[in-house]
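With compact mmCIF, C-alpha atoms inside, this is data.txt:
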# COMPACT_ATOMS: atom_id res chain seq x y z
CA MET S 7 126.00 126.66 127.09
CA ALA S 8 122.54 128.11 127.70
CA ASN S 9 123.73 131.58 126.67
CA PHE S 10 125.13 130.30 123.37
CA ILE S 11 121.86 128.50 122.66
CA LEU S 12 119.99 131.69 123.50
CA ILE S 13 122.13 133.71 121.05
CA GLY S 14 121.58 131.27 118.21
CA LEU S 15 117.88 130.75 118.99
CA CYS S 16 117.04 134.46 119.15
CA ILE S 17 118.89 135.36 115.95
CA LEU S 18 117.45 132.36 114.10
CA ALA S 19 113.93 133.21 115.32
CA GLY S 20 114.32 136.75 113.98
CA ILE S 21 115.49 135.46 110.58
CA LEU S 22 112.62 132.97 110.33
CA PHE S 23 110.03 135.52 111.47
CA ARG S 24 111.22 137.92 108.76
CA LYS S 25 111.33 135.31 106.00
CA ASN S 26 107.85 134.04 106.86
CA LYS S 27 106.49 137.58 107.32
CA VAL S 28 105.15 136.78 110.78
CA LEU S 29 105.75 140.37 111.86
CA PRO S 30 105.34 143.70 110.03
CA LYS S 31 108.29 144.82 107.90
CA ASP S 32 109.53 147.43 110.39
CA ALA S 33 108.81 145.44 113.55
CA HIS S 34 112.45 145.72 114.59
CA LYS S 35 112.01 149.47 115.06
CA GLY S 36 109.51 148.92 117.86
CA ILE S 37 111.80 146.37 119.51
CA ASN S 38 114.78 148.73 119.21
CA ALA S 39 112.71 151.53 120.73
CA TRP S 40 112.03 149.37 123.80
CA ILE S 41 115.73 148.53 124.10
CA ILE S 42 116.96 152.10 123.64
CA TYR S 43 114.32 153.93 125.69
CA LEU S 44 113.80 151.46 128.55
CA ALA S 45 116.12 148.46 128.66
CA LEU S 46 119.52 150.13 128.16
CA PRO S 47 118.82 152.95 130.67
CA ALA S 48 117.73 150.23 133.12
CA VAL S 49 121.08 148.48 132.60
CA SER S 50 122.81 151.70 133.63
CA PHE S 51 120.69 151.98 136.78
CA LYS S 52 121.29 148.33 137.61
CA TYR S 53 125.08 148.45 137.42
CA LEU S 54 126.60 151.95 137.39
CA PRO S 55 125.61 153.02 140.94
CA HIS S 56 127.51 150.01 142.29
CA ILE S 57 130.75 150.58 140.38
CA THR S 58 133.77 151.72 142.34
CA PHE S 59 135.50 154.05 139.92
CA THR S 60 139.27 153.74 139.67
CA LYS S 61 141.89 154.92 137.22
CA ASP S 62 141.77 151.48 135.57
CA LEU S 63 138.29 152.31 134.27
CA LEU S 64 139.88 154.91 132.03
CA LEU S 65 140.72 152.00 129.72
CA PRO S 66 137.10 151.05 128.83
CA ALA S 67 136.32 154.76 128.55
CA LEU S 68 139.20 155.56 126.18
CA ALA S 69 139.34 152.32 124.16
CA PRO S 70 136.32 153.18 121.94
CA VAL S 71 137.90 156.57 121.23
CA CYS S 72 141.17 154.90 120.18
CA VAL S 73 139.29 152.44 117.95
CA TRP S 74 137.38 155.31 116.36
CA VAL S 75 140.50 157.42 115.67
CA LEU S 76 142.48 154.47 114.29
CA GLY S 77 139.47 153.40 112.21
CA TRP S 78 139.10 156.88 110.75
CA LEU S 79 142.80 156.86 109.76
CA TYR S 80 142.51 153.30 108.42
CA ILE S 81 139.63 154.12 106.06
CA THR S 82 141.24 157.42 105.06
CA CYS S 83 144.37 155.51 104.00
CA TYR S 84 142.24 152.93 102.21
CA GLN S 85 140.55 155.72 100.28
CA LYS S 86 143.95 157.00 99.11
CA PHE S 87 144.48 153.69 97.30
CA ASN S 88 140.94 153.83 95.89
CA PRO S 89 140.57 157.38 94.55
CA LYS S 90 137.37 156.48 92.69
CA MET S 91 135.60 155.57 95.93
CA SER S 92 132.78 158.01 96.61
CA LYS S 93 132.73 160.30 99.62
CA ALA S 94 129.49 158.67 100.73
CA THR S 95 131.03 155.18 100.68
CA GLN S 96 134.04 156.46 102.60
CA GLY S 97 131.76 157.91 105.27
CA GLY S 98 129.76 154.69 105.51
CA LEU S 99 132.93 152.63 105.91
CA LYS S 100 134.16 154.91 108.69
CA LEU S 101 130.92 154.42 110.58
CA THR S 102 130.85 150.64 110.14
CA SER S 103 134.57 150.05 110.77
CA ALA S 104 135.15 152.08 113.89
CA LEU S 105 132.10 151.63 116.15
CA SER S 106 131.57 148.40 118.09
CA ASN S 107 128.29 146.68 118.91
CA THR S 108 129.06 146.84 122.61
CA SER S 109 125.50 146.22 123.84
CA PHE S 110 123.22 144.33 121.44
CA ILE S 111 125.94 141.74 120.70
CA GLY S 112 128.49 142.63 123.38
CA PHE S 113 126.28 142.10 126.43
CA PRO S 114 124.99 138.63 125.43
CA LEU S 115 128.48 137.46 124.49
CA ILE S 116 129.95 138.71 127.77
CA LEU S 117 127.23 136.76 129.59
CA ALA S 118 128.12 133.72 127.48
CA TYR S 119 131.91 133.88 127.85
CA PHE S 120 132.34 135.60 131.21
CA SER S 121 129.61 136.48 133.73
CA GLU S 122 127.00 139.07 134.60
CA ASN S 123 129.44 140.87 136.89
CA GLU S 124 131.51 142.08 133.92
CA LEU S 125 128.58 143.96 132.36
CA ALA S 126 129.42 147.00 134.47
CA ILE S 127 132.69 147.38 132.54
CA ALA S 128 130.92 146.80 129.23
CA ILE S 129 128.42 149.57 130.03
CA ILE S 130 131.25 152.11 130.17
CA CYS S 131 132.45 151.02 126.71
CA ASP S 132 128.87 151.16 125.48
CA GLN S 133 128.12 154.67 126.70
CA ILE S 134 131.30 156.08 125.15
CA THR S 135 130.55 154.27 121.88
CA PHE S 136 127.05 155.71 121.68
CA THR S 137 128.39 159.15 122.54
CA LEU S 138 130.89 158.88 119.67
CA LEU S 139 128.11 157.83 117.29
CA SER S 140 125.87 160.66 118.43
CA THR S 141 128.58 163.32 118.05
CA ILE S 142 131.53 162.61 115.77
CA GLY S 143 129.63 159.87 113.94
CA ILE S 144 126.80 162.24 113.03
CA ILE S 145 129.32 164.90 111.95
CA VAL S 146 131.08 162.39 109.66
CA ALA S 147 127.71 161.28 108.25
CA ILE S 148 126.59 164.83 107.53
CA ARG S 149 129.92 165.84 105.95
CA SER S 150 129.95 162.68 103.81
CA SER S 151 126.38 163.17 102.65
CA GLN S 152 125.61 164.95 99.41
CA THR S 153 122.31 166.32 100.68
CA GLN S 154 122.77 167.15 104.37
CA LYS S 155 124.37 170.22 105.90
CA LEU S 156 126.24 170.17 109.18
CA SER S 157 124.21 171.68 112.00
CA MET S 158 125.63 171.94 115.50
CA GLN S 159 122.07 172.32 116.77
CA LEU S 160 121.21 168.94 115.24
CA VAL S 161 124.28 167.31 116.77
CA ALA S 162 123.58 168.79 120.21
CA LYS S 163 119.96 167.67 120.06
CA LYS S 164 120.89 164.09 119.15
CA VAL S 165 123.43 163.90 121.98
CA LEU S 166 121.32 165.49 124.71
CA THR S 167 118.18 163.50 123.88
CA PHE S 168 119.81 160.07 123.48
CA PRO S 169 118.05 157.86 126.12
CA PRO S 170 120.97 155.54 127.04
CA LEU S 171 123.20 158.57 127.62
CA ILE S 172 120.52 160.25 129.74
CA GLY S 173 120.13 156.99 131.67
CA CYS S 174 123.87 156.83 132.24
CA VAL S 175 124.05 160.38 133.60
CA LEU S 176 121.02 159.89 135.86
CA ALA S 177 122.32 156.54 137.13
CA LEU S 178 125.57 158.24 138.16
CA THR S 179 123.93 161.25 139.83
CA LEU S 180 120.51 160.36 141.30
CA PRO S 181 121.77 157.70 143.76
CA ARG S 182 123.86 160.42 145.40
CA PHE S 183 120.65 162.15 146.48
CA LEU S 184 117.96 159.45 146.47
CA ASP S 185 117.77 155.85 147.66
CA LEU S 186 116.71 153.93 144.55
CA SER S 187 117.33 150.45 145.97
CA VAL S 188 113.59 149.80 146.14
CA LEU S 189 113.55 149.96 142.32
CA ASP S 190 116.38 147.44 141.87
CA PRO S 191 113.99 144.54 141.04
CA LEU S 192 112.38 146.72 138.34
CA PHE S 193 115.75 147.64 136.83
CA ASP S 194 116.76 143.98 136.94
CA LYS S 195 113.67 142.85 135.00
CA LEU S 196 113.98 145.58 132.38
CA ALA S 197 117.72 145.03 131.95
CA SER S 198 117.21 141.29 131.39
CA THR S 199 115.26 142.04 128.20
CA VAL S 200 118.26 143.57 126.41
CA GLY S 201 119.93 140.34 125.32
CA PRO S 202 117.00 138.32 123.90
CA LEU S 203 115.25 141.29 122.29
CA ALA S 204 118.46 142.72 120.82
CA LEU S 205 119.41 139.39 119.28
CA PHE S 206 115.89 138.87 117.95
CA SER S 207 115.96 142.36 116.44
CA ILE S 208 119.29 141.57 114.77
CA GLY S 209 117.78 138.43 113.23
CA LEU S 210 114.90 140.48 111.84
CA GLN S 211 117.37 142.79 110.10
CA LEU S 212 120.04 140.39 108.83
CA LYS S 213 120.36 140.45 105.03
CA PHE S 214 123.18 139.03 102.92
CA GLY S 215 122.09 139.51 99.30
CA GLY S 216 124.59 141.05 96.85
CA TRP S 217 127.63 140.68 99.10
CA PHE S 218 130.05 139.32 96.48
CA SER S 219 130.09 142.49 94.36
CA GLU S 220 131.06 144.52 97.44
CA LEU S 221 133.54 141.99 98.83
CA LYS S 222 136.53 144.36 98.74
CA HIS S 223 134.92 147.09 100.87
CA ILE S 224 133.37 144.51 103.22
CA SER S 225 136.68 142.69 103.75
CA VAL S 226 138.56 145.89 104.51
CA ALA S 227 135.96 147.04 107.03
CA LEU S 228 135.69 143.66 108.81
CA LEU S 229 139.46 143.13 108.91
CA TYR S 230 139.75 146.26 111.00
CA LYS S 231 136.60 145.80 113.08
CA LEU S 232 137.08 142.16 114.07
CA ILE S 233 140.88 141.79 114.07
CA LEU S 234 142.93 144.99 113.94
CA ALA S 235 140.85 147.11 116.36
CA PRO S 236 140.98 144.67 119.31
CA LEU S 237 144.61 143.89 118.43
CA ALA S 238 145.46 147.59 118.75
CA ILE S 239 143.85 147.75 122.21
CA LEU S 240 145.62 144.53 123.22
CA LEU S 241 148.98 146.04 122.25
CA ILE S 242 148.16 149.21 124.21
CA VAL S 243 147.23 147.14 127.27
CA ILE S 244 150.44 145.10 127.04
CA THR S 245 152.50 148.28 126.58
CA ILE S 246 151.10 149.93 129.72
CA GLY S 247 151.39 146.67 131.66
CA MET S 248 147.72 146.44 132.58
CA THR S 249 146.21 143.08 133.53
CA GLY S 250 142.98 141.78 135.01
CA THR S 251 139.29 141.65 134.22
CA ILE S 252 138.91 145.27 133.13
CA ALA S 253 141.57 144.86 130.45
CA LYS S 254 140.10 141.57 129.20
CA ILE S 255 136.53 142.86 128.95
CA THR S 256 137.65 146.06 127.24
CA ILE S 257 139.57 144.17 124.54
CA PHE S 258 136.68 141.73 124.14
CA GLU S 259 134.19 144.58 123.69
CA MET S 260 136.38 146.16 121.01
CA ALA S 261 136.30 142.82 119.17
CA MET S 262 132.54 143.09 118.69
CA PRO S 263 131.06 143.51 115.19
CA THR S 264 129.72 146.82 113.90
CA LEU S 265 127.23 148.87 115.88
CA LEU S 266 123.77 148.33 114.37
CA THR S 267 122.87 152.00 114.62
CA SER S 268 125.75 152.76 112.24
CA GLY S 269 123.71 151.12 109.52
CA VAL S 270 120.68 153.21 110.45
CA ILE S 271 122.76 156.39 110.18
CA ALA S 272 124.31 155.25 106.90
CA ASP S 273 120.83 154.67 105.49
CA GLN S 274 119.52 157.98 106.81
CA TYR S 275 122.33 159.95 105.14
CA ASN S 276 122.60 157.70 102.05
CA LEU S 277 126.18 156.61 102.79
CA ASN S 278 126.13 153.52 100.57
CA PRO S 279 123.68 151.74 102.92
CA LYS S 280 124.02 148.49 100.94
CA VAL S 281 127.68 148.13 101.91
CA ALA S 282 127.01 149.31 105.47
CA ASN S 283 124.28 146.72 106.04
CA LEU S 284 126.37 143.93 104.49
CA VAL S 285 129.28 144.79 106.79
CA ILE S 286 126.92 144.62 109.75
CA GLY S 287 125.21 141.38 108.73
CA ILE S 288 128.32 139.45 107.69
CA GLY S 289 130.24 140.88 110.66
CA ILE S 290 127.72 139.50 113.13
CA VAL S 291 128.04 136.00 111.69
CA LEU S 292 131.84 136.12 111.53
CA SER S 293 132.06 137.61 115.03
CA LEU S 294 130.64 134.42 116.52
CA ILE S 295 133.91 132.81 115.37
CA THR S 296 136.35 135.68 115.92
CA THR S 297 135.09 136.50 119.43
CA ALA S 298 135.62 132.85 120.40
CA ILE S 299 139.21 133.20 119.19
CA TRP S 300 139.66 136.44 121.10
CA TRP S 301 138.22 134.84 124.25
CA ALA S 302 140.77 132.04 123.92
CA VAL S 303 143.58 134.57 123.46
CA LEU S 304 142.47 136.56 126.49
CA THR S 305 142.01 133.45 128.62
CA TYR S 306 145.02 131.31 127.71
CA SER S 307 147.67 133.70 126.38
CA GLY S 308 149.12 134.38 129.82
CA PHE S 309 148.95 138.16 129.40
CA PHE S 310 146.16 138.48 131.99
Write-out of the structure in structure tokens:
Amino acid sequence: MANFILIGLCILAGILFRKNKVLPKDAHKGINAWIIYLALPAVSFKYLPHITFTKDLLLPALAPVCVWVLGWLYITCYQKFNPKMSKATQGGLKLTSALSNTSFIGFPLILAYFSENELAIAIICDQITFTLLSTIGIIVAIRSSQTQKLSMQLVAKKVLTFPPLIGCVLALTLPRFLDLSVLDPLFDKLASTVGPLALFSIGLQLKFGGWFSELKHISVALLYKLILAPLAILLIVITIGMTGTIAKITIFEMAMPTLLTSGVIADQYNLNPKVANLVIGIGIVLSLITTAIWWAVLTYSGFF
């Protein structure tokens, strides 16, 4: 119960702080910088060195890729039935439909519905998701933009300098050569800031104005992100006969709303940022209901 109260309290505090102008307009950028540069790498150092890697962990590694590919095909088909839809809007919908918020929303909800032990599985989903955003996501954004040109140098730079990815690589390699156990309390303290700060940052950014005029695009994107994407992974898991915690957490992570950074990229490349931000904002609110349903399915369906 405490975790659910924390989720609601942090998001509500962010909304109220923004409405009452308690903080500067772009305060969320400083909070996000802390999360991306310090807290998320600390999460990797806290959990990844202690993971025993097995073939079952291929599922959380490959699930975000499957969701991305299916999402790309889904929006491409949707565009065929809407030939007047701009290339920029199509690119924005691909970004917001096919990338899950596996950390900022995913981590707190896993703590709320499951336990801290399952975060190690979620981290794998998260690192692959951010890698997809930093590579294929950027390529889609550049190709969909009317003003940007595709540069492999730009893509490589964004991938190789992305702090959570660097943290992931270092967390998997450094413990093989150095004993970092003395730093575990530090990693624990830094990692504990992800949930509250991420939720507060989300509250600072949530905006819902003008949603009705874009209802068609929003509905299509959220139908896939909140329902069809996790359903696809569930069907894959059932088909291969996989059960257990890894399967449950992977499906649950794919049921998360849209990755916040997708909206940042959509804004940066002018990919109909209004629709992108509405998908993100409305998706977060709806996900508090849909993730509860998915948790019930995963817990009581008998598949796991």
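Considering only C-alpha atoms, the residue among S:Lys163, S:Phe214, S:Cys72, S:Ala48 positioned nearest to Ile239 in chain S is S:Cys72.
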(request) Enter the distance from CA of Asp132 in chain S to CA of Ile255 in chain S, in Å, rounded to one decimal. (result) 11.8 Å
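The residue that comes closest to Phe110 in chain S, out of S:Gly250, S:Gly77, S:Pro279, S:Pro202 and on the basis of only C-alpha atoms, is S:Pro202.
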(message) Ranking S:Ser157, S:Gln133, S:Asn283, S:Ser207 by minimum distance to Asp32 in chain S and counting only C-alpha atoms, which one comes first?
(response) S:Ser207
(request) Compare S:Ala128, S:Ile172, S:Val188, S:Leu138 by their minimum atom-to-atom distance to Thr267 in chain S, counting all atoms listed in the file, and give me the closest one. (result) S:Leu138
